[in-house]
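Colleague: What follows is my_file07.csv, made up of CSV, C-alpha atoms:
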```csv
chain,number,residue,atom,x,y,z
T,1,MET,CA,80.0,88.3,70.0
T,2,SER,CA,81.5,85.0,69.0
T,3,GLU,CA,78.8,82.8,70.6
T,4,PHE,CA,76.7,83.7,67.6
T,5,GLY,CA,79.4,82.3,65.4
T,6,ARG,CA,78.6,78.7,66.0
T,7,ARG,CA,76.2,77.6,63.3
T,8,HIS,CA,73.6,75.0,64.2
T,9,HIS,CA,75.1,72.1,62.4
T,10,ASP,CA,78.6,72.8,63.7
T,11,MET,CA,78.2,70.8,66.9
T,12,GLY,CA,81.7,69.5,67.7
T,13,GLY,CA,82.3,70.0,71.4
T,14,LEU,CA,78.8,70.6,72.6
T,15,GLY,CA,77.4,68.5,75.4
T,16,ALA,CA,74.8,65.8,74.6
T,17,GLY,CA,73.3,62.7,76.0
T,18,PRO,CA,74.6,59.1,75.5
T,19,VAL,CA,75.3,57.8,72.1
T,20,GLU,CA,72.3,55.5,71.3
T,21,ALA,CA,73.9,52.7,69.3
T,22,GLY,CA,71.1,50.2,69.6
T,23,ASN,CA,68.6,50.8,66.8
T,24,GLU,CA,70.0,51.0,63.4
T,25,HIS,CA,67.3,51.3,60.8
T,26,ASP,CA,67.3,49.7,57.4
T,27,TYR,CA,67.2,52.5,54.8
T,28,ALA,CA,63.9,52.9,53.0
T,29,TYR,CA,63.8,52.6,49.3
T,30,TRP,CA,63.1,56.3,48.8
T,31,GLU,CA,66.1,57.1,51.0
T,32,LYS,CA,68.4,55.0,48.9
T,33,LYS,CA,66.8,56.7,45.9
T,34,ILE,CA,67.5,60.3,47.0
T,35,ASP,CA,71.1,59.2,47.8
T,36,ALA,CA,71.5,57.8,44.3
T,37,VAL,CA,69.9,60.8,42.7
T,38,ARG,CA,72.3,63.1,44.5
T,39,ARG,CA,75.3,61.1,43.4
T,40,LEU,CA,74.2,61.1,39.8
T,41,LEU,CA,73.6,64.8,39.8
T,42,ALA,CA,77.1,65.5,41.1
T,43,ASP,CA,78.9,63.0,38.9
T,44,GLU,CA,81.3,63.9,36.1
T,45,LYS,CA,78.8,63.3,33.4
T,46,ARG,CA,76.3,65.9,34.7
T,47,ASN,CA,78.2,68.1,37.1
T,48,LEU,CA,74.9,69.7,38.0
T,49,PHE,CA,75.6,70.3,41.6
T,50,THR,CA,78.2,69.5,44.3
T,51,VAL,CA,78.0,67.8,47.6
T,52,ASP,CA,79.1,71.2,49.0
T,53,GLU,CA,76.0,72.8,47.7
T,54,MET,CA,73.9,70.1,49.2
T,55,ARG,CA,75.6,70.5,52.5
T,56,ARG,CA,75.1,74.3,52.4
T,57,GLY,CA,71.5,73.8,51.5
T,58,ILE,CA,71.1,71.5,54.5
T,59,GLU,CA,72.8,74.0,56.8
T,60,GLU,CA,70.3,76.7,55.6
T,61,LEU,CA,67.2,74.7,56.3
T,62,GLY,CA,67.1,76.3,59.8
T,63,ALA,CA,67.7,74.9,63.2
T,64,LYS,CA,64.2,73.4,63.8
T,65,ALA,CA,64.2,71.7,60.4
T,66,TYR,CA,67.7,70.4,61.1
T,67,ASP,CA,66.7,68.9,64.4
T,68,GLU,CA,63.3,67.5,63.4
T,69,MET,CA,64.0,66.2,59.9
T,70,SER,CA,65.6,62.9,59.3
T,71,TYR,CA,68.9,62.6,57.6
T,72,TYR,CA,67.6,61.8,54.1
T,73,GLU,CA,64.7,64.2,54.5
T,74,ARG,CA,67.3,66.9,54.8
T,75,TRP,CA,69.0,65.6,51.6
T,76,ALA,CA,65.7,65.6,49.7
T,77,ALA,CA,64.8,69.1,50.9
T,78,SER,CA,68.2,70.5,50.1
T,79,THR,CA,68.6,68.8,46.7
T,80,THR,CA,65.2,70.0,45.5
T,81,ASN,CA,65.7,73.5,46.7
T,82,ILE,CA,69.0,73.8,44.9
T,83,LEU,CA,67.6,72.3,41.7
T,84,ILE,CA,64.8,74.9,41.8
T,85,GLU,CA,67.4,77.7,42.4
T,86,LYS,CA,69.3,76.4,39.4
T,87,GLY,CA,66.2,76.3,37.2
T,88,ILE,CA,66.5,72.6,36.5
T,89,LEU,CA,63.0,72.1,37.9
T,90,THR,CA,60.3,74.6,38.5
T,91,ILE,CA,58.2,74.8,41.6
T,92,ASP,CA,55.1,74.4,39.5
T,93,GLU,CA,56.1,71.2,37.9
T,94,LEU,CA,57.4,69.7,41.1
T,95,GLY,CA,54.3,70.6,43.0
T,96,ARG,CA,52.0,69.1,40.3
T,97,ARG,CA,54.1,65.9,40.1
T,98,MET,CA,54.1,65.5,43.9
T,99,GLU,CA,50.4,65.9,44.0
T,100,GLU,CA,50.1,63.2,41.3
T,101,VAL,CA,52.6,60.9,43.0
T,102,GLU,CA,50.8,61.1,46.3
T,103,ALA,CA,47.4,60.3,44.7
T,104,ARG,CA,48.9,57.4,42.8
T,105,LEU,CA,50.6,56.0,45.9
T,106,LYS,CA,47.4,56.3,47.9
T,107,ALA,CA,45.4,54.6,45.2
T,108,ASP,CA,47.9,51.8,44.9
T,109,ALA,CA,47.8,51.3,48.7
T,110,GLU,CA,44.0,51.1,48.7
T,111,GLY,CA,43.9,48.9,45.7
T,112,SER,CA,46.4,46.4,46.9
C,1,MET,CA,55.4,68.2,30.9
C,2,SER,CA,54.0,70.7,33.4
C,3,GLU,CA,50.3,70.1,32.5
C,4,HIS,CA,48.4,68.0,34.9
C,5,HIS,CA,47.5,64.9,33.1
C,6,HIS,CA,45.7,61.7,33.9
C,7,HIS,CA,47.4,58.4,33.5
C,8,ASP,CA,45.3,56.2,31.3
C,9,HIS,CA,47.7,53.3,32.0
C,10,GLN,CA,48.6,51.7,35.3
C,11,HIS,CA,51.9,52.4,36.7
C,12,PRO,CA,53.6,49.2,37.6
C,13,LYS,CA,53.1,48.4,41.3
C,14,GLN,CA,56.1,49.5,43.3
C,15,PRO,CA,56.1,47.3,46.4
C,16,ASP,CA,58.8,49.1,48.2
C,17,LEU,CA,56.8,52.3,48.1
C,18,GLU,CA,53.6,50.7,49.1
C,19,ASP,CA,54.6,49.1,52.3
C,20,GLN,CA,55.6,52.2,54.1
C,21,PRO,CA,53.9,55.4,55.2
C,22,ILE,CA,53.4,57.8,52.3
C,23,THR,CA,55.5,60.7,53.7
C,24,TYR,CA,56.1,64.1,52.3
C,25,TYR,CA,59.7,63.6,51.5
C,26,LYS,CA,59.1,60.2,50.0
C,27,VAL,CA,56.6,61.8,47.7
C,28,MET,CA,59.1,64.5,46.9
C,29,THR,CA,61.8,62.1,46.1
C,30,GLU,CA,59.7,60.0,43.8
C,31,ALA,CA,58.4,63.1,42.0
C,32,LEU,CA,62.0,64.4,41.7
C,33,ALA,CA,63.3,61.2,40.2
C,34,GLU,CA,60.5,60.9,37.7
C,35,LEU,CA,61.0,64.5,36.5
C,36,LEU,CA,64.7,64.1,36.2
C,37,ILE,CA,64.2,61.0,34.1
C,38,GLU,CA,61.6,62.6,31.9
C,39,LYS,CA,64.0,65.5,31.4
C,40,ASP,CA,66.8,63.2,30.5
C,41,VAL,CA,68.9,64.5,33.3
C,42,ILE,CA,69.3,60.9,34.5
C,43,THR,CA,68.1,57.7,33.1
C,44,ALA,CA,66.1,55.0,34.9
C,45,ASP,CA,69.0,52.6,34.3
C,46,GLU,CA,71.5,54.9,35.8
C,47,LEU,CA,69.4,55.3,38.8
C,48,ARG,CA,68.8,51.6,39.3
C,49,ASN,CA,72.5,50.9,38.8
C,50,GLN,CA,73.5,53.5,41.3
C,51,MET,CA,71.2,52.1,43.9
C,52,GLU,CA,72.4,48.6,43.3
C,53,GLN,CA,76.0,49.7,43.6
C,54,GLN,CA,75.3,51.4,46.9
C,55,ASP,CA,73.4,48.4,48.2
C,56,SER,CA,76.4,46.3,47.4
C,57,ARG,CA,78.6,48.3,49.7
C,58,SER,CA,79.1,46.8,53.1
C,59,PRO,CA,81.8,46.5,55.8
C,60,ILE,CA,83.0,43.3,54.2
C,61,PHE,CA,85.1,45.3,51.8
C,62,GLY,CA,86.9,47.1,54.6
C,63,ALA,CA,87.2,43.9,56.6
C,64,ARG,CA,89.0,42.2,53.7
C,65,LEU,CA,91.5,45.0,53.5
C,66,ILE,CA,92.2,44.9,57.2
C,67,ALA,CA,92.5,41.1,57.2
C,68,LYS,CA,95.0,41.2,54.4
C,69,ALA,CA,96.9,44.0,56.1
C,70,TRP,CA,97.2,41.8,59.2
C,71,ALA,CA,98.4,38.8,57.2
C,72,ASP,CA,100.8,40.7,55.0
C,73,PRO,CA,102.9,43.5,56.5
C,74,ALA,CA,104.0,44.8,53.1
C,75,PHE,CA,100.3,45.2,52.1
C,76,LYS,CA,99.6,47.0,55.4
C,77,GLU,CA,102.3,49.6,54.6
C,78,ARG,CA,100.7,50.0,51.1
C,79,LEU,CA,97.3,50.3,52.8
C,80,ILE,CA,98.4,53.0,55.1
C,81,ALA,CA,100.1,54.9,52.3
C,82,ASP,CA,97.1,54.7,49.9
C,83,VAL,CA,93.9,52.9,50.8
C,84,ASN,CA,92.3,53.4,47.4
C,85,GLY,CA,95.4,52.0,45.6
C,86,ALA,CA,95.7,49.0,48.0
C,87,ALA,CA,91.9,48.3,47.6
C,88,ALA,CA,92.3,48.3,43.8
C,89,GLU,CA,94.9,45.5,44.2
C,90,MET,CA,92.1,43.4,45.7
C,91,ASP,CA,89.6,44.5,43.0
C,92,ILE,CA,87.8,46.7,45.5
C,93,ASP,CA,86.6,50.0,44.2
C,94,ALA,CA,87.2,52.5,47.0
C,95,GLY,CA,85.8,55.4,45.0
C,96,ASP,CA,87.3,58.7,44.0
C,97,VAL,CA,87.5,60.3,47.5
C,98,PRO,CA,90.9,59.6,49.0
C,99,ILE,CA,90.7,57.4,52.1
C,100,ARG,CA,93.4,57.4,54.7
C,101,GLY,CA,94.2,54.3,56.8
C,102,VAL,CA,94.9,55.1,60.4
C,103,GLU,CA,96.5,52.3,62.3
C,104,ASN,CA,95.8,51.3,65.9
C,105,THR,CA,99.0,50.3,67.6
C,106,ASP,CA,100.1,49.5,71.2
C,107,ASP,CA,100.5,53.3,71.6
C,108,VAL,CA,97.7,54.9,69.6
C,109,HIS,CA,94.0,54.2,69.2
C,110,ASN,CA,92.1,56.1,66.5
C,111,VAL,CA,88.5,57.0,66.3
C,112,VAL,CA,86.7,58.8,63.4
C,113,VAL,CA,83.9,61.4,63.4
C,114,CYS,CA,82.4,64.0,61.1
C,115,THR,CA,81.3,66.8,63.4
C,116,LEU,CA,79.9,69.0,60.6
C,117,CYS,CA,77.8,66.4,58.8
C,118,SER,CA,78.4,62.6,58.4
C,119,CYS,CA,81.4,62.0,56.1
C,120,TYR,CA,82.2,58.3,56.2
C,121,PRO,CA,84.2,55.8,54.0
C,122,ARG,CA,81.0,54.5,52.5
C,123,SER,CA,82.5,52.7,49.6
C,124,LEU,CA,84.5,50.4,51.9
C,125,ILE,CA,82.1,50.0,54.9
C,126,GLY,CA,78.6,50.8,53.6
C,127,LEU,CA,76.2,53.4,54.8
C,128,PRO,CA,76.8,54.9,58.2
C,129,PRO,CA,74.7,53.8,61.2
C,130,ASP,CA,72.3,56.3,62.6
C,131,TRP,CA,74.4,56.8,65.7
C,132,TYR,CA,77.4,58.0,63.7
C,133,LYS,CA,75.2,60.8,62.3
C,134,SER,CA,73.6,61.6,65.7
C,135,ARG,CA,74.0,64.8,67.6
C,136,ALA,CA,75.4,62.9,70.6
C,137,TYR,CA,78.2,61.2,68.6
C,138,ARG,CA,79.1,64.3,66.5
C,139,SER,CA,79.2,66.6,69.4
C,140,ARG,CA,80.8,64.5,72.1
C,141,THR,CA,83.4,62.3,70.3
C,142,VAL,CA,85.8,65.1,69.6
C,143,ARG,CA,85.6,66.4,73.2
C,144,GLU,CA,85.4,63.3,75.3
C,145,PRO,CA,86.4,60.4,73.1
C,146,ARG,CA,87.3,58.1,75.9
C,147,LYS,CA,83.8,58.4,77.5
C,148,VAL,CA,82.2,57.8,74.1
C,149,LEU,CA,84.4,54.8,73.5
C,150,ALA,CA,83.5,53.5,77.0
C,151,GLU,CA,79.8,53.7,76.1
C,152,PHE,CA,80.6,51.2,73.3
C,153,GLY,CA,82.4,49.0,75.8
C,154,THR,CA,85.9,50.1,74.7
C,155,VAL,CA,88.1,51.3,77.5
C,156,MET,CA,91.5,52.6,76.6
C,157,PRO,CA,94.2,52.8,79.3
C,158,ASP,CA,96.0,56.1,79.8
C,159,ASP,CA,99.2,54.8,78.3
C,160,ILE,CA,97.4,54.5,74.9
C,161,ASP,CA,96.9,57.9,73.2
C,162,VAL,CA,93.4,58.4,71.8
C,163,ARG,CA,93.5,60.2,68.5
C,164,VAL,CA,90.2,61.7,67.1
C,165,HIS,CA,90.0,62.4,63.3
C,166,ASP,CA,87.3,64.9,62.3
C,167,SER,CA,86.6,64.4,58.6
C,168,THR,CA,86.1,68.0,57.6
C,169,ALA,CA,87.4,68.0,54.1
C,170,ASP,CA,87.8,65.6,51.2
C,171,LEU,CA,89.6,62.8,53.1
C,172,ARG,CA,87.9,59.9,54.6
C,173,PHE,CA,89.4,57.7,57.3
C,174,LEU,CA,89.4,53.9,57.8
C,175,VAL,CA,90.7,52.7,61.2
C,176,ILE,CA,93.0,49.7,60.9
C,177,PRO,CA,92.2,47.9,64.2
C,178,LYS,CA,94.9,46.0,66.1
C,179,ARG,CA,95.1,42.3,65.2
C,180,PRO,CA,93.5,40.4,68.1
C,181,GLU,CA,95.6,38.2,70.4
C,182,GLY,CA,95.4,34.5,69.6
C,183,SER,CA,94.7,35.0,65.9
C,184,GLY,CA,98.2,34.1,64.7
C,185,LEU,CA,97.2,30.9,63.0
C,186,MET,CA,94.1,32.1,61.3
C,187,SER,CA,93.6,32.3,57.6
C,188,GLU,CA,92.9,35.6,55.9
C,189,GLU,CA,89.3,34.6,55.5
C,190,GLU,CA,89.0,33.7,59.2
C,191,LEU,CA,90.6,37.0,60.0
C,192,THR,CA,88.0,38.9,57.9
C,193,ASP,CA,85.3,37.7,60.3
C,194,LEU,CA,87.0,39.3,63.2
C,195,VAL,CA,86.9,42.8,61.7
C,196,THR,CA,83.7,44.6,62.6
C,197,ARG,CA,82.4,47.8,61.1
C,198,ASP,CA,82.6,49.5,64.5
C,199,SER,CA,86.3,48.6,64.8
C,200,MET,CA,86.9,50.4,61.5
C,201,ILE,CA,85.2,53.5,62.8
C,202,GLY,CA,87.3,53.1,66.0
C,203,VAL,CA,84.6,52.9,68.6
C,204,SER,CA,85.4,49.2,69.1
C,205,VAL,CA,88.3,46.9,68.7
C,206,ALA,CA,88.3,43.8,66.5
C,207,LYS,CA,86.6,40.6,67.8
C,208,ASN,CA,88.6,38.1,69.6
C,209,PRO,CA,88.9,34.6,68.0
C,210,ALA,CA,86.3,32.2,69.4
F,1,MET,CA,101.2,75.6,44.1
F,2,GLU,CA,103.6,75.8,47.0
F,3,ALA,CA,102.4,74.9,50.4
F,4,LYS,CA,102.9,77.7,52.9
F,5,TYR,CA,103.4,75.3,55.8
F,6,TYR,CA,105.4,72.2,56.3
F,7,VAL,CA,104.9,69.1,58.5
F,8,GLY,CA,105.9,70.0,62.0
F,9,ASP,CA,105.1,73.7,61.7
F,10,ALA,CA,103.2,75.3,64.5
F,11,VAL,CA,100.0,77.0,63.2
F,12,ASN,CA,97.1,78.9,64.7
F,13,VAL,CA,93.6,78.6,63.4
F,14,ARG,CA,92.1,82.0,62.7
F,15,ARG,CA,89.7,83.2,65.3
F,16,ALA,CA,87.0,84.3,62.9
F,17,PHE,CA,83.3,83.5,62.8
F,18,PRO,CA,81.8,84.3,59.4
F,19,PRO,CA,78.4,83.1,58.3
F,20,GLY,CA,78.0,80.7,55.4
F,21,HIS,CA,79.3,77.3,54.6
F,22,VAL,CA,82.6,76.9,56.4
F,23,ARG,CA,84.4,73.6,57.0
F,24,THR,CA,86.6,74.8,59.9
F,25,PRO,CA,84.7,73.6,62.9
F,26,TYR,CA,83.8,76.2,65.6
F,27,PHE,CA,85.6,74.2,68.3
F,28,ILE,CA,89.0,74.6,66.6
F,29,ARG,CA,88.9,78.3,65.8
F,30,GLY,CA,91.6,80.2,67.6
F,31,GLN,CA,93.4,76.9,68.6
F,32,LYS,CA,97.1,76.2,68.2
F,33,GLY,CA,98.2,73.1,66.4
F,34,VAL,CA,100.9,71.4,64.4
F,35,ILE,CA,100.9,70.5,60.7
F,36,HIS,CA,100.6,66.7,60.6
F,37,GLU,CA,100.3,66.3,56.8
F,38,VAL,CA,100.3,68.5,53.7
F,39,VAL,CA,97.4,66.8,51.8
F,40,GLY,CA,97.3,68.7,48.6
F,41,THR,CA,95.2,71.3,46.7
F,42,TYR,CA,91.4,71.3,46.6
F,43,SER,CA,88.8,73.6,45.2
F,44,ASN,CA,87.5,75.9,48.0
F,45,PRO,CA,84.4,74.4,49.5
F,46,GLU,CA,83.3,77.9,50.7
F,47,GLU,CA,82.9,78.8,47.1
F,48,LEU,CA,81.7,75.4,45.7
F,49,ALA,CA,78.8,75.6,48.2
F,50,TYR,CA,77.4,78.5,46.2
F,51,GLY,CA,77.8,77.0,42.8
F,52,ARG,CA,81.1,78.7,42.0
F,53,ASP,CA,84.1,76.8,40.8
F,54,GLY,CA,86.1,77.2,44.0
F,55,LYS,CA,89.3,78.4,42.2
F,56,PRO,CA,92.0,79.2,43.0
F,57,ALA,CA,92.4,75.9,44.8
F,58,LEU,CA,93.5,75.9,48.4
F,59,MET,CA,96.1,73.8,50.1
F,60,LEU,CA,94.6,71.4,52.6
F,61,TYR,CA,96.4,70.3,55.7
F,62,ARG,CA,95.9,67.8,58.4
F,63,VAL,CA,96.5,69.7,61.7
F,64,GLN,CA,97.1,68.0,65.0
F,65,PHE,CA,95.9,69.6,68.3
F,66,ARG,CA,96.6,68.5,71.9
F,67,GLN,CA,93.2,67.8,73.4
F,68,SER,CA,94.2,69.3,76.8
F,69,ASP,CA,94.9,72.6,74.9
F,70,VAL,CA,91.5,72.5,73.1
F,71,TRP,CA,89.3,71.6,76.0
F,72,PRO,CA,89.9,73.2,79.4
F,73,ASP,CA,88.2,70.3,81.2
F,74,TYR,CA,89.6,67.5,79.1
F,75,GLU,CA,89.6,64.2,80.9
F,76,GLY,CA,92.1,61.9,79.4
F,77,SER,CA,95.7,61.5,78.6
F,78,ASN,CA,97.8,64.6,78.0
F,79,ALA,CA,99.0,62.9,74.8
F,80,ASP,CA,95.5,62.6,73.4
F,81,THR,CA,95.1,64.6,70.2
F,82,ALA,CA,92.5,65.7,67.6
F,83,LEU,CA,93.3,65.9,63.9
F,84,VAL,CA,91.2,68.3,61.8
F,85,ASP,CA,91.6,68.8,58.1
F,86,LEU,CA,91.9,72.5,57.5
F,87,TYR,CA,92.4,74.8,54.4
F,88,GLU,CA,95.3,77.2,54.3
F,89,ASN,CA,93.1,80.3,54.3
F,90,TRP,CA,92.2,79.4,57.9
F,91,LEU,CA,95.7,79.0,59.2
F,92,GLU,CA,98.3,81.5,60.4
F,93,PRO,CA,101.9,80.9,61.5
F,94,GLY,CA,102.2,79.8,65.1
F,95,GLU,CA,105.0,80.5,67.5
F,96,GLY,CA,108.1,78.4,67.3
F,97,ALA,CA,108.6,75.1,65.6
F,98,VAL,CA,108.0,71.6,67.1
```
If you convert what's in this file into structure tokens, what do you get?
Modeller:
Amino acid sequence: MSEFGRRHHDMGGLGAGPVEAGNEHDYAYWEKKIDAVRRLLADEKRNLFTVDEMRRGIEELGAKAYDEMSYYERWAASTTNILIEKGILTIDELGRRMEEVEARLKADAEGS
Amino acid sequence: MSEHHHHDHQHPKQPDLEDQPITYYKVMTEALAELLIEKDVITADELRNQMEQQDSRSPIFGARLIAKAWADPAFKERLIADVNGAAAEMDIDAGDVPIRGVENTDDVHNVVVCTLCSCYPRSLIGLPPDWYKSRAYRSRTVREPRKVLAEFGTVMPDDIDVRVHDSTADLRFLVIPKRPEGSGLMSEEELTDLVTRDSMIGVSVAKNPA
Amino acid sequence: MEAKYYVGDAVNVRRAFPPGHVRTPYFIRGQKGVIHEVVGTYSNPEELAYGRDGKPALMLYRVQFRQSDVWPDYEGSNADTALVDLYENWLEPGEGAV
């Protein structure tokens, strides 16, 4: 029974290939931004969510998402899911704004 | 604010966003930040300050603590007892999360991992490298630390105990590497240059003096 | 709050495998260790993870395990150890003191 008890993110002790220490990537601006947003949401002034909730949200993304998404993609996904759950954002407004942002970024890219 | 509206003014160009692929989560992050600012959950200033503060974090902070610990045995004791307090003596803000100093000696070598996610003493050594967050590091270090260390070129003889710290709770760990041989006459500033980020994670030792 | 365990106490990590947000790594469940440090009380992350306040707070310990106990095929010194930070609700008294 207990082999089902190891959740996907709980990987201590599993086998794996060599540690690839070579390529460290510079964090993209948006990655730094989601990191900062997460910290602000969890700070004493706002107390809107905890790092524990974000971790739990990441753990619940599912094994495939966990493996295929990058580190900060998982942060972004978890954070927005939790904010939607809490009613701080609605799916509708987020979807509309994402559509608008994407159009804006594409226009800026073409125009530059 | 939920109505779709046209902008009849130009947004200022955001060069950092333009030069990269427009990915789904980048778009989501940008939309999220804009909405949170419009709803007064966060301010643009707070966001900018937070990002700048994070950018300012680098291994140099940790290195300065280690160098001082090497130069000043009483400080080293204070560092081991309370990293956050010792850092404050040097005007370094180690943050709210308590950090433990774990000292490498002639008998013990320490290495740090977070098997469950990627906990890391960011306020003192900056953002973690990709490999620290990788499946390979997180799964293997706790089980075969000596092999992982060897992949970093760090071979520990059997008479040195290897101690792995899994950061599962609210503590973070800063390895205090051994002071390198031949560094006895170096100034604190010169010693700082010998302390690498990897030596403060424990996968490496400090650099030898040139 | 009084800590149930003291530095040097032998403890067992409960062999339980619940779902949900748990900060006791799978690899350490059912293992025998020794209390290395009594850290202090913290809100329960298993509750914080679901937006609850995590009270009553739990005592957190640093527990030390011999690697050759944890991994049957461990290659390395018999004196190599792993330290894992564990909450009191995951610990049970072990046999004998150090």
Colleague: List every residue of stretch 73-124 of chain C that has an atom at most 12 Å from any atom of stretch 57-77 of chain T, and for each one report the closest atom pair and its distance in Å to one decimal, counting all atoms listed in the file, with rows sorted by chain and then by increasing residue number, as JSON lines.
Modeller:
```
{"residue": "C:Leu116", "atom": "CA", "partner": "T:Glu59", "partner_atom": "CA", "distance": 9.5}
{"residue": "C:Cys117", "atom": "CA", "partner": "T:Glu59", "partner_atom": "CA", "distance": 9.3}
{"residue": "C:Ser118", "atom": "CA", "partner": "T:Tyr71", "partner_atom": "CA", "distance": 9.5}
```
Colleague: To one decimal in Å, tell me the separation between atom CA of F:Arg23 and atom CA of F:Asn89.
Modeller: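 Atom-to-atom, atom CA of F:Arg23 to atom CA of F:Asn89, that is 11.3 Å.
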Colleague: Would you kindly report the residues of chain C within 7 Å of chain T, using only C-alpha atoms, as a VMD selection string?
Modeller: chain C and resid 2 4 16 18 25 to 29 31 47 50 to 51 115 to 116 129 to 131 136 to 140 142 to 143
Colleague: Using all atoms listed in the file for the distances, tell me which of F:Asn12, F:Asn78, F:Gln31, F:Asn44 is nearest to chain T.
Modeller: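 The shortest atom-to-atom distance to chain T comes from F:Asn44.
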Colleague: Counting all atoms listed in the file, which residues of chain F come no farther than 6 Å from chain T, as a PDB file with C-alpha atoms, in the coordinates of the input?
Modeller:
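Generated output (out.pdb):
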```pdb
ATOM      1  CA  PHE F  17      83.300  83.500  62.800  1.00  0.00           C
ATOM      2  CA  HIS F  21      79.300  77.300  54.600  1.00  0.00           C
ATOM      3  CA  TYR F  26      83.800  76.200  65.600  1.00  0.00           C
ATOM      4  CA  LEU F  48      81.700  75.400  45.700  1.00  0.00           C
ATOM      5  CA  ALA F  49      78.800  75.600  48.200  1.00  0.00           C
TER       6      ALA F  49
END
```
Colleague: Show me, as number ranges by chain, the residues that have an atom within 10 Å of C:Val112 when counting only C-alpha atoms, minus same-chain residues fewer than 5 positions from it.
Modeller: C: 102, 119-120, 132, 138, 141-142, 145, 163-167, 172-175, 200-203; F: 82-83
Colleague: Residues at most 9 Å from F:Glu92, counting all atoms listed in the file, excluding those fewer than 2 positions away in the same chain, as a ChimeraX atom specification?
Modeller: /F:10-14,88-90,94
Colleague: Please provide the set of residues having any atom within 6 Å of F:Asp85, restricted to only C-alpha atoms, with same-chain residues fewer than 3 positions apart removed, written as number ranges by chain.
Modeller: C: 168-169; F: 61-62
Colleague: Dump C-alpha atoms for the selected residues as a PDB file, keeping the file's coordinate frame?
Modeller:
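File produced: out-v6.pdb:
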```
ATOM      1  CA  THR C 168      86.100  68.000  57.600  1.00  0.00           C
ATOM      2  CA  ALA C 169      87.400  68.000  54.100  1.00  0.00           C
TER       3      ALA C 169
ATOM      4  CA  TYR F  61      96.400  70.300  55.700  1.00  0.00           C
ATOM      5  CA  ARG F  62      95.900  67.800  58.400  1.00  0.00           C
TER       6      ARG F  62
END
```
Colleague: For the atom pair atom CA of F:Phe27 and atom CA of F:Ala3, what is the interatomic distance in Å to one decimal place?
Modeller: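 Spanning atom CA of F:Phe27 to atom CA of F:Ala3 is a straight-line distance of 24.6 Å.
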Colleague: Using only C-alpha atoms, which of the listed residues (C:Glu144, C:Glu181, C:Asp72, C:Asp96) sits closest to chain F?
Modeller: C:Glu144
Colleague: At what distance in Å, to one decimal, does atom CA of F:Leu91 lie from atom CA of F:His36?
Modeller: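 Atom CA of F:His36 sits 13.3 Å away from atom CA of F:Leu91.
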Colleague: Compile the residues of chain F that lie within 12 Å of chain C, evaluated using only C-alpha atoms, and express the compilation as a PyMOL selection string.
Modeller: chain F and resi 21-28+36-37+39-46+58-87
Colleague: Find the residue from T:Ile91, T:Asp43, T:Glu85, T:Gly111 that sits nearest to F:Tyr50; use only C-alpha atoms when measuring.
Modeller: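 Under the stated criterion, the closest residue is T:Glu85.
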